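Here is structure_24.cif, consisting of mmCIF, C-alpha atoms:
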```cif
data_upload
#
loop_
_atom_site.label_atom_id
_atom_site.label_comp_id
_atom_site.auth_asym_id
_atom_site.auth_seq_id
_atom_site.Cartn_x
_atom_site.Cartn_y
_atom_site.Cartn_z
CA MET A 184 24.67 23.24 -20.72
CA ASN A 185 25.40 24.50 -17.24
CA SER A 186 23.62 23.01 -14.26
CA LEU A 187 20.88 25.68 -14.16
CA GLU A 188 19.91 25.13 -17.81
CA LEU A 189 20.21 21.37 -17.48
CA SER A 190 18.02 21.34 -14.34
CA LEU A 191 15.33 23.37 -16.08
CA VAL A 192 15.28 21.18 -19.20
CA LEU A 193 15.31 17.99 -17.11
CA CYS A 194 12.53 19.28 -14.88
CA LEU A 195 10.29 20.23 -17.81
CA SER A 196 10.78 16.97 -19.70
CA SER A 197 10.23 14.96 -16.50
CA LEU A 198 7.07 16.96 -15.89
CA ALA A 199 5.82 16.03 -19.35
CA ALA A 200 6.68 12.35 -18.72
CA GLY A 201 4.86 12.36 -15.36
CA LEU A 202 1.84 14.10 -16.87
CA LEU A 203 1.57 11.63 -19.75
CA GLY A 204 2.15 8.71 -17.41
CA ALA A 205 -0.69 9.79 -15.13
CA LEU A 206 -3.11 10.65 -17.95
CA THR A 207 -2.61 7.33 -19.70
CA GLY A 208 -2.23 5.21 -16.57
CA LEU A 209 0.99 3.77 -17.99
CA GLY A 210 3.22 5.46 -15.40
CA GLY A 211 5.83 8.12 -16.10
CA GLY A 212 8.69 6.12 -14.62
CA VAL A 213 8.89 3.83 -17.60
CA VAL A 214 10.05 6.62 -19.95
CA ILE A 215 12.44 8.40 -17.55
CA VAL A 216 15.38 6.02 -18.09
CA PRO A 217 15.17 6.09 -21.92
CA LEU A 218 14.70 9.87 -21.78
CA LEU A 219 17.81 10.39 -19.63
CA ALA A 220 19.94 7.76 -21.34
CA LEU A 221 19.00 8.37 -24.98
CA ALA A 222 18.28 12.11 -25.09
CA PHE A 223 20.67 13.40 -22.39
CA HIS A 224 23.37 10.70 -22.69
CA ILE A 225 23.30 10.15 -18.94
CA ASP A 226 24.92 6.96 -17.66
CA ILE A 227 22.27 4.28 -17.20
CA HIS A 228 23.10 3.75 -13.51
CA TYR A 229 22.39 7.39 -12.69
CA ALA A 230 19.31 7.18 -14.89
CA ILE A 231 17.80 4.18 -13.08
CA GLY A 232 18.57 5.85 -9.75
CA ALA A 233 16.71 9.01 -10.74
CA SER A 234 13.85 6.97 -12.18
CA LEU A 235 13.48 4.92 -8.99
CA MET A 236 13.22 8.11 -6.90
CA SER A 237 10.53 9.53 -9.18
CA VAL A 238 8.63 6.23 -9.03
CA ILE A 239 8.55 6.37 -5.21
CA ALA A 240 7.38 10.00 -5.32
CA THR A 241 4.60 9.25 -7.81
CA SER A 242 3.35 6.18 -5.96
CA SER A 243 3.23 7.90 -2.55
CA GLY A 244 1.98 11.21 -3.91
CA SER A 245 -1.00 9.75 -5.75
CA ALA A 246 -1.95 7.25 -3.03
CA ALA A 247 -4.24 9.68 -1.23
CA ALA A 248 -6.35 10.13 -4.37
CA TYR A 249 -6.62 6.38 -4.91
CA VAL A 250 -7.59 5.76 -1.30
CA ARG A 251 -10.67 7.96 -1.55
CA GLU A 252 -12.08 5.65 -4.21
CA GLY A 253 -12.01 2.70 -1.81
CA PHE A 254 -10.84 0.11 -4.32
CA SER A 255 -7.46 -1.00 -3.03
CA ASN A 256 -7.03 -4.22 -1.07
CA ILE A 257 -4.47 -3.65 1.65
CA ARG A 258 -4.08 -7.36 2.43
CA ILE A 259 -3.40 -8.40 -1.15
CA GLY A 260 -0.92 -5.54 -1.40
CA MET A 261 0.90 -6.33 1.83
CA PHE A 262 1.05 -10.08 1.16
CA LEU A 263 2.41 -9.62 -2.38
CA GLU A 264 4.90 -7.02 -1.18
CA ILE A 265 6.81 -9.90 0.44
CA ALA A 266 7.43 -11.17 -3.10
CA THR A 267 8.09 -7.78 -4.73
CA THR A 268 10.53 -6.54 -2.06
CA LEU A 269 12.53 -9.79 -2.12
CA GLY A 270 12.55 -9.59 -5.92
CA ALA A 271 13.67 -5.96 -5.71
CA LEU A 272 16.69 -6.94 -3.58
CA LEU A 273 17.66 -9.51 -6.21
CA GLY A 274 17.09 -6.97 -9.01
CA ALA A 275 19.15 -4.23 -7.34
CA TRP A 276 21.98 -6.70 -6.86
CA LEU A 277 21.69 -7.79 -10.51
CA ALA A 278 21.87 -4.11 -11.54
CA THR A 279 25.30 -3.86 -9.94
CA ILE A 280 26.72 -6.82 -11.89
CA THR A 281 24.87 -6.56 -15.22
CA PRO A 282 26.74 -4.64 -17.95
CA THR A 283 25.00 -1.52 -19.34
CA LYS A 284 24.34 -3.39 -22.58
CA GLY A 285 22.34 -6.06 -20.76
CA ILE A 286 20.31 -3.54 -18.76
CA ALA A 287 19.47 -1.64 -21.96
CA ILE A 288 18.27 -4.77 -23.77
CA VAL A 289 16.10 -5.96 -20.86
CA PHE A 290 14.76 -2.43 -20.48
CA GLY A 291 13.84 -2.20 -24.16
CA SER A 292 12.03 -5.53 -23.97
CA ILE A 293 10.01 -4.36 -20.95
CA LEU A 294 9.07 -1.16 -22.80
CA LEU A 295 7.79 -3.25 -25.73
CA PHE A 296 5.88 -5.49 -23.32
CA SER A 297 4.32 -2.49 -21.51
CA ALA A 298 3.23 -0.99 -24.82
CA ALA A 299 1.74 -4.31 -25.95
CA VAL A 300 -0.35 -4.91 -22.82
CA SER A 301 -1.48 -1.29 -22.42
CA ASN A 302 -4.42 -1.67 -24.80
CA ARG A 303 -5.50 -5.18 -23.92
CA ARG A 304 -9.06 -5.84 -22.84
CA ARG A 305 -9.00 -6.34 -19.10
CA PRO A 306 -10.92 -9.36 -17.81
CA VAL A 307 -13.95 -8.97 -15.58
CA PRO A 308 -13.82 -11.89 -13.13
CA ASP A 309 -16.88 -13.95 -12.25
CA PRO A 310 -17.71 -13.23 -8.57
CA ASN A 311 -19.01 -16.80 -8.12
CA MET A 312 -15.70 -18.46 -8.90
CA PRO A 313 -14.42 -20.43 -5.91
CA ALA A 314 -11.51 -18.81 -4.10
CA ASP A 315 -8.06 -20.35 -3.85
CA PRO A 316 -8.02 -22.02 -0.39
CA LEU A 317 -4.77 -20.18 0.25
CA ALA A 318 -6.52 -16.87 -0.55
CA SER A 319 -9.21 -17.67 2.01
CA ARG A 320 -6.65 -18.60 4.64
CA LEU A 321 -4.77 -15.37 3.97
CA ARG A 322 -8.04 -13.39 3.92
CA LEU A 323 -7.25 -11.89 0.51
CA ASN A 324 -10.83 -12.00 -0.77
CA GLY A 325 -12.55 -8.65 -0.56
CA SER A 326 -15.17 -6.34 -1.96
CA TYR A 327 -15.26 -3.06 -3.88
CA PRO A 328 -17.98 -0.56 -4.81
CA VAL A 329 -19.82 -1.15 -8.11
CA GLU A 330 -22.50 1.47 -8.76
CA GLY A 331 -22.83 2.12 -5.04
CA VAL A 332 -23.15 -1.54 -4.03
CA ARG A 333 -20.23 -3.47 -2.60
CA GLN A 334 -19.42 -6.36 -4.88
CA HIS A 335 -17.56 -9.34 -3.42
CA TYR A 336 -14.66 -10.97 -5.26
CA ASN A 337 -12.61 -14.12 -4.75
CA VAL A 338 -8.87 -14.30 -5.33
CA ARG A 339 -7.47 -17.21 -7.31
CA ARG A 340 -4.09 -18.82 -8.09
CA VAL A 341 -2.18 -17.17 -5.25
CA PRO A 342 1.16 -19.02 -5.78
CA LEU A 343 1.25 -18.05 -9.48
CA GLY A 344 0.49 -14.43 -8.65
CA PHE A 345 3.12 -14.45 -5.90
CA GLY A 346 5.71 -15.81 -8.33
CA MET A 347 4.89 -13.20 -10.97
CA MET A 348 5.17 -10.50 -8.30
CA PHE A 349 8.67 -11.72 -7.46
CA GLY A 350 9.51 -11.23 -11.14
CA ALA A 351 7.93 -7.76 -11.12
CA GLY A 352 10.05 -6.84 -8.09
CA THR A 353 13.23 -8.11 -9.77
CA LEU A 354 12.54 -5.96 -12.83
CA SER A 355 11.81 -2.97 -10.61
CA GLY A 356 15.15 -3.33 -8.81
CA LEU A 357 17.12 -4.01 -12.00
CA LEU A 358 15.62 -1.21 -14.10
CA GLY A 359 14.53 1.42 -11.57
CA ILE A 360 10.90 1.27 -12.70
CA GLY A 361 7.63 0.60 -10.88
CA SER A 362 6.83 -2.35 -13.19
CA GLY A 363 3.14 -1.57 -12.75
CA ALA A 364 2.35 -3.33 -16.03
CA VAL A 365 3.63 -6.68 -14.72
CA LYS A 366 2.04 -6.16 -11.29
CA VAL A 367 -1.37 -5.43 -12.78
CA LEU A 368 -1.06 -8.39 -15.14
CA ALA A 369 -0.27 -10.74 -12.24
CA MET A 370 -3.34 -9.58 -10.32
CA ASP A 371 -5.70 -9.39 -13.33
CA GLU A 372 -4.81 -12.54 -15.20
CA ALA A 373 -3.37 -14.87 -12.59
CA MET A 374 -5.30 -13.92 -9.46
CA GLN A 375 -8.52 -12.69 -11.13
CA VAL A 376 -8.69 -9.53 -9.06
CA PRO A 377 -11.12 -6.94 -10.53
CA PHE A 378 -9.10 -4.39 -12.49
CA LYS A 379 -10.12 -1.38 -10.43
CA VAL A 380 -8.78 -3.15 -7.36
CA SER A 381 -5.60 -4.33 -9.09
CA THR A 382 -4.72 -0.88 -10.47
CA THR A 383 -4.99 0.91 -7.14
CA THR A 384 -3.38 -1.92 -5.18
CA SER A 385 -0.50 -1.97 -7.67
CA ASN A 386 0.06 1.76 -7.16
CA PHE A 387 0.30 1.19 -3.43
CA MET A 388 2.83 -1.61 -3.91
CA ILE A 389 5.10 0.30 -6.29
CA GLY A 390 6.50 2.65 -3.63
CA VAL A 391 7.27 -0.12 -1.15
CA THR A 392 8.89 -2.26 -3.86
CA ALA A 393 11.03 0.65 -5.03
CA ALA A 394 12.05 1.51 -1.45
CA ALA A 395 13.53 -2.00 -1.13
CA SER A 396 16.08 -1.39 -3.89
CA ALA A 397 16.63 2.28 -2.99
CA GLY A 398 18.89 1.41 -0.04
CA ILE A 399 21.18 -0.60 -2.32
CA TYR A 400 21.14 2.09 -5.03
CA LEU A 401 22.05 4.71 -2.43
CA SER A 402 25.04 2.79 -1.11
CA ARG A 403 26.28 2.11 -4.65
CA GLY A 404 26.23 5.80 -5.54
CA TYR A 405 23.34 5.62 -8.06
CA ILE A 406 21.37 8.34 -6.27
CA ASP A 407 22.85 11.61 -7.53
CA PRO A 408 21.23 14.59 -5.76
CA SER A 409 21.84 17.25 -8.41
CA LEU A 410 20.32 14.99 -11.11
CA ASP A 411 17.49 13.49 -9.05
CA MET A 412 16.30 16.89 -7.81
CA PRO A 413 14.85 18.18 -11.11
CA VAL A 414 13.75 14.72 -12.29
CA THR A 415 11.90 13.72 -9.11
CA LEU A 416 10.22 17.10 -8.64
CA GLY A 417 9.27 17.23 -12.33
CA VAL A 418 7.71 13.76 -12.44
CA LEU A 419 5.89 14.32 -9.14
CA ALA A 420 4.42 17.65 -10.28
CA GLY A 421 3.45 16.16 -13.64
CA SER A 422 1.73 13.14 -12.13
CA LEU A 423 -0.22 15.21 -9.59
CA LEU A 424 -1.30 17.59 -12.37
CA GLY A 425 -2.29 14.60 -14.52
CA ALA A 426 -4.42 13.14 -11.72
CA LYS A 427 -6.26 16.49 -11.45
CA LEU A 428 -6.85 16.74 -15.20
CA LEU A 429 -7.94 13.12 -15.53
CA VAL A 430 -11.51 13.94 -14.53
CA HIS A 431 -12.14 15.81 -17.77
CA ALA A 432 -9.74 14.03 -20.12
CA HIS A 433 -10.48 11.34 -22.69
CA PRO A 434 -7.28 9.41 -22.55
CA ASN A 435 -7.97 6.62 -25.05
CA LYS A 436 -6.30 8.24 -28.07
CA LEU A 437 -3.56 9.63 -25.86
CA ARG A 438 -2.94 6.15 -24.46
CA ILE A 439 -2.43 4.72 -27.94
CA VAL A 440 -0.04 7.55 -28.87
CA PHE A 441 1.92 7.10 -25.64
CA ALA A 442 2.05 3.31 -26.19
CA ILE A 443 3.59 3.92 -29.62
CA VAL A 444 6.16 6.30 -28.08
CA ILE A 445 7.01 3.66 -25.46
CA ALA A 446 7.39 0.97 -28.13
CA ALA A 447 9.66 3.23 -30.22
CA LEU A 448 11.80 3.96 -27.14
CA GLY A 449 11.95 0.21 -26.50
CA ILE A 450 13.33 -0.50 -29.97
CA GLU A 451 15.81 2.38 -29.61
CA MET A 452 16.98 1.03 -26.22
CA ILE A 453 17.50 -2.48 -27.59
CA TYR A 454 19.33 -1.10 -30.64
CA SER A 455 21.54 1.18 -28.52
CA GLY A 456 22.22 -1.71 -26.16
CA ILE A 457 23.27 -4.10 -28.91
CA THR A 458 25.44 -1.52 -30.71
CA GLY A 459 26.97 -0.45 -27.37
CA ARG A 460 26.10 3.24 -27.79
CA LEU A 461 24.92 3.68 -24.20
CA MET B 94 -19.44 -22.33 -2.85
CA ALA B 95 -17.16 -25.17 -1.85
CA HIS B 96 -15.85 -23.52 1.28
CA ARG B 97 -16.65 -20.64 3.51
CA VAL B 98 -15.17 -17.34 2.46
CA TYR B 99 -13.84 -15.00 5.09
CA ILE B 100 -14.75 -11.37 4.46
CA PRO B 101 -12.31 -8.97 6.08
CA SER B 102 -13.89 -6.08 7.94
CA ASP B 103 -14.05 -3.62 5.05
CA GLU B 104 -14.87 -0.69 7.28
CA ASP B 105 -11.70 -1.13 9.35
CA ASP B 106 -9.60 -1.63 6.24
CA ARG B 107 -10.93 1.51 4.61
CA LYS B 108 -10.24 3.58 7.71
CA LEU B 109 -6.71 2.19 7.71
CA ASP B 110 -6.41 3.05 4.00
CA ALA B 111 -7.42 6.65 4.66
CA HIS B 112 -4.80 7.07 7.40
CA ILE B 113 -2.16 5.53 5.16
CA GLY B 114 -3.17 7.85 2.32
CA SER B 115 -2.64 10.98 4.40
CA LEU B 116 0.62 9.61 5.81
CA LEU B 117 1.97 9.06 2.30
CA ARG B 118 0.83 12.47 1.12
CA ALA B 119 2.43 14.26 4.07
CA GLY B 120 5.66 12.30 3.60
CA THR B 121 5.84 13.03 -0.12
CA LEU B 122 5.08 16.73 0.19
CA SER B 123 7.58 17.32 3.01
CA SER B 124 10.30 15.39 1.10
CA ALA B 125 9.55 17.39 -2.04
CA PHE B 126 9.85 20.61 -0.02
CA VAL B 127 13.30 19.63 1.34
CA ILE B 128 14.46 18.52 -2.14
CA LEU B 129 13.29 21.85 -3.58
CA LEU B 130 15.01 23.81 -0.81
CA GLY B 131 18.28 21.96 -1.39
CA GLY B 132 17.84 22.36 -5.13
CA LEU B 133 17.43 26.13 -4.96
CA LEU B 134 20.47 26.33 -2.68
CA TYR B 135 22.45 24.17 -5.13
CA LEU B 136 21.46 26.26 -8.13
CA ALA B 137 22.24 29.48 -6.27
CA GLN B 138 25.76 28.25 -5.53
CA HIS B 139 26.58 26.08 -8.54
CA SER B 140 24.51 27.36 -11.46
CA HIS B 141 27.60 27.60 -13.69
CA ASP B 142 28.94 24.11 -12.96
CA LYS B 143 28.95 21.62 -15.79
CA PRO B 144 28.06 18.34 -14.12
CA ASP B 145 29.19 15.13 -15.83
CA TYR B 146 26.58 12.39 -15.76
CA ARG B 147 27.85 10.68 -18.91
CA HIS B 148 30.33 8.51 -17.08
CA PHE B 149 29.51 6.66 -13.94
CA HIS B 150 31.87 7.42 -11.09
CA GLY B 151 29.42 7.08 -8.21
CA VAL B 152 28.21 9.80 -5.88
CA SER B 153 30.70 11.02 -3.25
CA PRO B 154 30.76 8.48 -0.39
CA GLN B 155 29.68 11.17 2.09
CA LEU B 156 26.26 11.14 0.40
CA HIS B 157 25.84 7.36 0.83
CA THR B 158 25.37 7.17 4.58
CA PHE B 159 22.83 8.55 7.02
CA SER B 160 25.49 10.20 9.18
CA GLY B 161 27.24 11.76 6.19
CA ILE B 162 24.00 13.13 4.75
CA LEU B 163 22.79 14.44 8.10
CA SER B 164 26.01 16.22 9.03
CA GLY B 165 26.26 17.70 5.53
CA ALA B 166 22.67 18.91 5.63
CA ILE B 167 23.16 20.50 9.06
CA HIS B 168 26.14 22.41 7.68
CA GLY B 169 23.97 23.68 4.85
CA GLN B 170 25.65 21.74 2.02
CA SER B 171 23.13 21.91 -0.79
CA LEU B 172 23.70 18.39 -2.17
CA ALA B 173 23.34 16.89 1.31
CA VAL B 174 20.06 18.77 1.78
CA ILE B 175 18.70 17.32 -1.48
CA GLN B 176 19.91 13.88 -0.45
CA LEU B 177 18.16 14.28 2.91
CA GLY B 178 14.93 15.01 1.03
CA LEU B 179 15.45 11.90 -1.11
CA LEU B 180 16.05 9.85 2.06
CA MET B 181 12.76 11.16 3.47
CA LEU B 182 11.10 10.14 0.21
CA ILE B 183 12.46 6.59 0.53
CA ALA B 184 11.45 6.52 4.19
CA THR B 185 7.82 7.38 3.36
CA PRO B 186 6.71 3.94 2.07
CA ILE B 187 8.80 2.32 4.82
CA ALA B 188 6.86 4.37 7.38
CA ARG B 189 3.68 3.15 5.70
CA VAL B 190 4.67 -0.48 6.30
CA LEU B 191 5.65 0.27 9.91
CA PHE B 192 2.29 1.96 10.41
CA SER B 193 0.53 -1.12 8.96
CA VAL B 194 2.32 -3.41 11.40
CA ILE B 195 1.02 -1.30 14.29
CA ALA B 196 -2.48 -0.96 12.81
CA PHE B 197 -2.84 -4.71 12.22
CA PHE B 198 -1.64 -5.27 15.76
CA ALA B 199 -4.34 -2.92 17.04
CA GLU B 200 -6.90 -4.85 14.95
CA ARG B 201 -5.52 -8.08 16.48
CA ASP B 202 -4.92 -9.38 12.99
CA TYR B 203 -1.76 -11.26 13.97
CA LEU B 204 -1.40 -13.02 10.63
CA TYR B 205 -0.96 -9.63 8.98
CA VAL B 206 1.26 -8.36 11.77
CA VAL B 207 3.61 -11.15 10.64
CA VAL B 208 3.09 -10.46 6.91
CA SER B 209 3.78 -6.72 7.21
CA GLY B 210 6.59 -7.48 9.69
CA ILE B 211 8.33 -9.58 7.01
CA VAL B 212 8.01 -6.75 4.48
CA LEU B 213 9.42 -4.28 7.03
CA ALA B 214 12.34 -6.63 7.74
CA VAL B 215 13.19 -6.87 4.03
CA LEU B 216 13.10 -3.07 3.70
CA LEU B 217 15.30 -2.50 6.75
CA TYR B 218 17.69 -5.20 5.58
CA SER B 219 18.16 -3.32 2.31
CA PHE B 220 19.23 -0.23 4.25
CA ILE B 221 21.33 -1.75 6.97
CA TRP B 222 23.00 -4.40 4.82
CA HIS B 223 25.38 -1.96 3.17
#
```

Do you think you could lay out the structure here as structure tokens?
Amino acid sequence: MNSLELSLVLCLSSLAAGLLGALTGLGGGVVIVPLLALAFHIDIHYAIGASLMSVIATSSGSAAAYVREGFSNIRIGMFLEIATTLGALLGAWLATITPTKGIAIVFGSILLFSAAVSNRRRPVPDPNMPADPLASRLRLNGSYPVEGVRQHYNVRRVPLGFGMMFGAGTLSGLLGIGSGAVKVLAMDEAMQVPFKVSTTTSNFMIGVTAAASAGIYLSRGYIDPSLDMPVTLGVLAGSLLGAKLLVHAHPNKLRIVFAIVIAALGIEMIYSGITGRL
Amino acid sequence: MAHRVYIPSDEDDRKLDAHIGSLLRAGTLSSAFVILLGGLLYLAQHSHDKPDYRHFHGVSPQLHTFSGILSGAIHGQSLAVIQLGLLMLIATPIARVLFSVIAFFAERDYLYVVVSGIVLAVLLYSFIWH
């Protein structure tokens, strides 16, 4: 394929990935690396670079839509970004010393994990639970609209959530993904943040986390302009289109199908990693 | 409840959110425009190239640094123009954090001036380190 054909094919498949990611809420970034590495035989370092760029584009591009809903908690996001950005620095450094095989196996495991948690029942926290004293001192407790009334919530287990966020940042820097699944899990399960708040806050955090490893990727030559151009534009267009369609879509079945695709890609990544085919 | 719970001023926070939302949107759309421009230029000049992404050899060092990217973009080199767009894309969330530092300062929320200042420092470190 010459570069014109390759750009077109990459752009269209990235568009499909971004669209599915937005419609299912699972994020398109998570399938970009397996798509590039397995289907196009692109070196995994270029693939994670392109994926990271598309993750930043998606996070920033969809933020305006999330903001209108008034669910995100800017203080939780900013405080936890200390953990995710530090983790991202560690992850980006690990990416430069981890052999391709290792990256592929960790990546496959994260895909399996993302697929597994995508259909879990998300907890609805009890608003009368006492807050973590640390959460009160950091003013993390907030409120969000429920049927037109603002419902207060208390944040719990801040150190645990902070630690999990460091892990999410490390994975983001190592694999070039947003690791939204881990971020949401840390806020839902550990910190007992209502899921509407955790989803939108996580989206906000993804771009900042990814920007922390982007500088290191850039200086290591992972950011290839001719490859990242079609991928980033494709994913961005797909995710914006998906956000527009979401109003009328019924994504439950689609989410299950996409979760199965993600799981299959996970197994393929682990297999390719172990057999050294990447 | 065992202790008093502080409720942040939701109204202020939502106004801040709205500003941040438009900042991010503007940053993303202008980066995408520059990337597209560079991309069209690249395809016009190099549509018959057969790029090799199978083996990692790293991007040319000129496209690693701000000065290299800027001077390339000014001279109309298509890859440098795309890279400039990607740099703008990376800069967008960083600008968001910088904006938060200023906004928290205006709200006299000094605790969060420090919190967002730490995040900004980590982000800048990542860029200036190499």

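Distances here use all atoms listed in the file; by that measure, the residue among A:Pro306, A:Gly404, A:Gly363, A:Gly201 closest to Ala230 of chain A is A:Gly404.
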
Surrounding residues of Leu213 of chain B excluding itself and chain neighbours under 6 positions, 10 Å, all atoms listed in the file, as a ChimeraX atom specification: /A:264-265,268,391,395 /B:186-191,193-194,207,219

Kindly give the distance, in Å, that separates atom CA of Thr353 of chain A and atom CA of Ile221 of chain B, rounded to a single decimal.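 Separating atom CA of Thr353 of chain A from atom CA of Ile221 of chain B is a distance of 19.7 Å.
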
Closest atom pairs, chain A residues within 8 Å of chain B, only C-alpha atoms, as a Markdown table:
```
| residue | atom | partner | partner_atom | distance |
| --- | --- | --- | --- | --- |
| A:Met184 | CA | B:Lys143 | CA | 6.7 |
| A:Asn185 | CA | B:Lys143 | CA | 4.8 |
| A:Ser186 | CA | B:Ser140 | CA | 5.2 |
| A:Leu187 | CA | B:Ser140 | CA | 4.8 |
| A:His224 | CA | B:Arg147 | CA | 5.9 |
| A:Ile225 | CA | B:Arg147 | CA | 4.6 |
| A:Asp226 | CA | B:Arg147 | CA | 4.9 |
| A:His228 | CA | B:Phe149 | CA | 7.1 |
| A:Tyr229 | CA | B:Tyr146 | CA | 7.2 |
| A:Met236 | CA | B:Leu179 | CA | 7.3 |
| A:Ile239 | CA | B:Ile183 | CA | 6.9 |
| A:Ala240 | CA | B:Thr121 | CA | 6.2 |
| A:Ser243 | CA | B:Leu117 | CA | 5.1 |
| A:Gly244 | CA | B:Arg118 | CA | 5.3 |
| A:Ser245 | CA | B:Arg118 | CA | 7.6 |
| A:Ala246 | CA | B:Gly114 | CA | 5.5 |
| A:Ala247 | CA | B:Gly114 | CA | 4.1 |
| A:Ala248 | CA | B:Gly114 | CA | 7.8 |
| A:Val250 | CA | B:Ala111 | CA | 6.0 |
| A:Arg251 | CA | B:Ala111 | CA | 7.1 |
| A:Gly253 | CA | B:Arg107 | CA | 6.6 |
| A:Ile257 | CA | B:Asp106 | CA | 7.2 |
| A:Arg258 | CA | B:Tyr205 | CA | 7.6 |
| A:Met261 | CA | B:Ser209 | CA | 6.1 |
| A:Phe262 | CA | B:Val208 | CA | 6.1 |
| A:Glu264 | CA | B:Val212 | CA | 6.5 |
| A:Ile265 | CA | B:Val212 | CA | 5.3 |
| A:Thr268 | CA | B:Val215 | CA | 6.7 |
| A:Leu269 | CA | B:Val215 | CA | 6.8 |
| A:Leu272 | CA | B:Ser219 | CA | 7.1 |
| A:Asn311 | CA | B:Met94 | CA | 7.7 |
| A:Pro313 | CA | B:Met94 | CA | 6.2 |
| A:Ala314 | CA | B:Val98 | CA | 7.7 |
| A:Ser319 | CA | B:Val98 | CA | 6.0 |
| A:Leu321 | CA | B:Leu204 | CA | 7.8 |
| A:Arg322 | CA | B:Tyr99 | CA | 6.1 |
| A:Asn324 | CA | B:Ile100 | CA | 6.6 |
| A:Gly325 | CA | B:Ile100 | CA | 6.1 |
| A:Ser326 | CA | B:Asp103 | CA | 7.6 |
| A:Gly390 | CA | B:Pro186 | CA | 5.8 |
| A:Val391 | CA | B:Pro186 | CA | 5.2 |
| A:Ala394 | CA | B:Ile183 | CA | 5.5 |
| A:Ala395 | CA | B:Leu216 | CA | 5.0 |
| A:Ser396 | CA | B:Ser219 | CA | 6.8 |
| A:Ala397 | CA | B:Ile183 | CA | 7.0 |
| A:Gly398 | CA | B:Phe220 | CA | 4.6 |
| A:Ile399 | CA | B:Ser219 | CA | 6.2 |
| A:Leu401 | CA | B:His157 | CA | 5.7 |
| A:Ser402 | CA | B:His157 | CA | 5.0 |
| A:Arg403 | CA | B:Gly151 | CA | 6.9 |
| A:Gly404 | CA | B:Gly151 | CA | 4.4 |
| A:Tyr405 | CA | B:Gly151 | CA | 6.3 |
| A:Ile406 | CA | B:Val152 | CA | 7.0 |
| A:Asp407 | CA | B:Val152 | CA | 5.9 |
| A:Pro408 | CA | B:Gln176 | CA | 5.5 |
| A:Ser409 | CA | B:Leu172 | CA | 6.6 |
| A:Met412 | CA | B:Ile128 | CA | 6.2 |
| A:Pro413 | CA | B:Gly132 | CA | 7.9 |
| A:Leu416 | CA | B:Ala125 | CA | 6.6 |
```

Expected file: the selected residues, C-alpha atoms, as a compact mmCIF listing (two decimals), in the coordinates of the input:
```txt
# COMPACT_ATOMS: atom_id res chain seq x y z
CA MET A 184 24.67 23.24 -20.72
CA ASN A 185 25.40 24.50 -17.24
CA SER A 186 23.62 23.01 -14.26
CA LEU A 187 20.88 25.68 -14.16
CA HIS A 224 23.37 10.70 -22.69
CA ILE A 225 23.30 10.15 -18.94
CA ASP A 226 24.92 6.96 -17.66
CA HIS A 228 23.10 3.75 -13.51
CA TYR A 229 22.39 7.39 -12.69
CA MET A 236 13.22 8.11 -6.90
CA ILE A 239 8.55 6.37 -5.21
CA ALA A 240 7.38 10.00 -5.32
CA SER A 243 3.23 7.90 -2.55
CA GLY A 244 1.98 11.21 -3.91
CA SER A 245 -1.00 9.75 -5.75
CA ALA A 246 -1.95 7.25 -3.03
CA ALA A 247 -4.24 9.68 -1.23
CA ALA A 248 -6.35 10.13 -4.37
CA VAL A 250 -7.59 5.76 -1.30
CA ARG A 251 -10.67 7.96 -1.55
CA GLY A 253 -12.01 2.70 -1.81
CA ILE A 257 -4.47 -3.65 1.65
CA ARG A 258 -4.08 -7.36 2.43
CA MET A 261 0.90 -6.33 1.83
CA PHE A 262 1.05 -10.08 1.16
CA GLU A 264 4.90 -7.02 -1.18
CA ILE A 265 6.81 -9.90 0.44
CA THR A 268 10.53 -6.54 -2.06
CA LEU A 269 12.53 -9.79 -2.12
CA LEU A 272 16.69 -6.94 -3.58
CA ASN A 311 -19.01 -16.80 -8.12
CA PRO A 313 -14.42 -20.43 -5.91
CA ALA A 314 -11.51 -18.81 -4.10
CA SER A 319 -9.21 -17.67 2.01
CA LEU A 321 -4.77 -15.37 3.97
CA ARG A 322 -8.04 -13.39 3.92
CA ASN A 324 -10.83 -12.00 -0.77
CA GLY A 325 -12.55 -8.65 -0.56
CA SER A 326 -15.17 -6.34 -1.96
CA GLY A 390 6.50 2.65 -3.63
CA VAL A 391 7.27 -0.12 -1.15
CA ALA A 394 12.05 1.51 -1.45
CA ALA A 395 13.53 -2.00 -1.13
CA SER A 396 16.08 -1.39 -3.89
CA ALA A 397 16.63 2.28 -2.99
CA GLY A 398 18.89 1.41 -0.04
CA ILE A 399 21.18 -0.60 -2.32
CA LEU A 401 22.05 4.71 -2.43
CA SER A 402 25.04 2.79 -1.11
CA ARG A 403 26.28 2.11 -4.65
CA GLY A 404 26.23 5.80 -5.54
CA TYR A 405 23.34 5.62 -8.06
CA ILE A 406 21.37 8.34 -6.27
CA ASP A 407 22.85 11.61 -7.53
CA PRO A 408 21.23 14.59 -5.76
CA SER A 409 21.84 17.25 -8.41
CA MET A 412 16.30 16.89 -7.81
CA PRO A 413 14.85 18.18 -11.11
CA LEU A 416 10.22 17.10 -8.64
```

Using the chain letters and residue numbers of this document, give as a list in words the residues selected by the PyMOL selection byres ((chain A and resi 341) around 7). Asp315, Leu317, Ala318, Arg339, Arg340, Pro342, Leu343, Gly344, Phe345 and Met374 of chain A

Using Å and a single decimal, report how far atom CA of Ala271 of chain A sits from atom CA of Gly350 of chain A. 8.6 Å

Using atom CA of Glu188 of chain A and atom CA of Asp411 of chain A as the two end points, give the distance in Å to one decimal. 14.8 Å
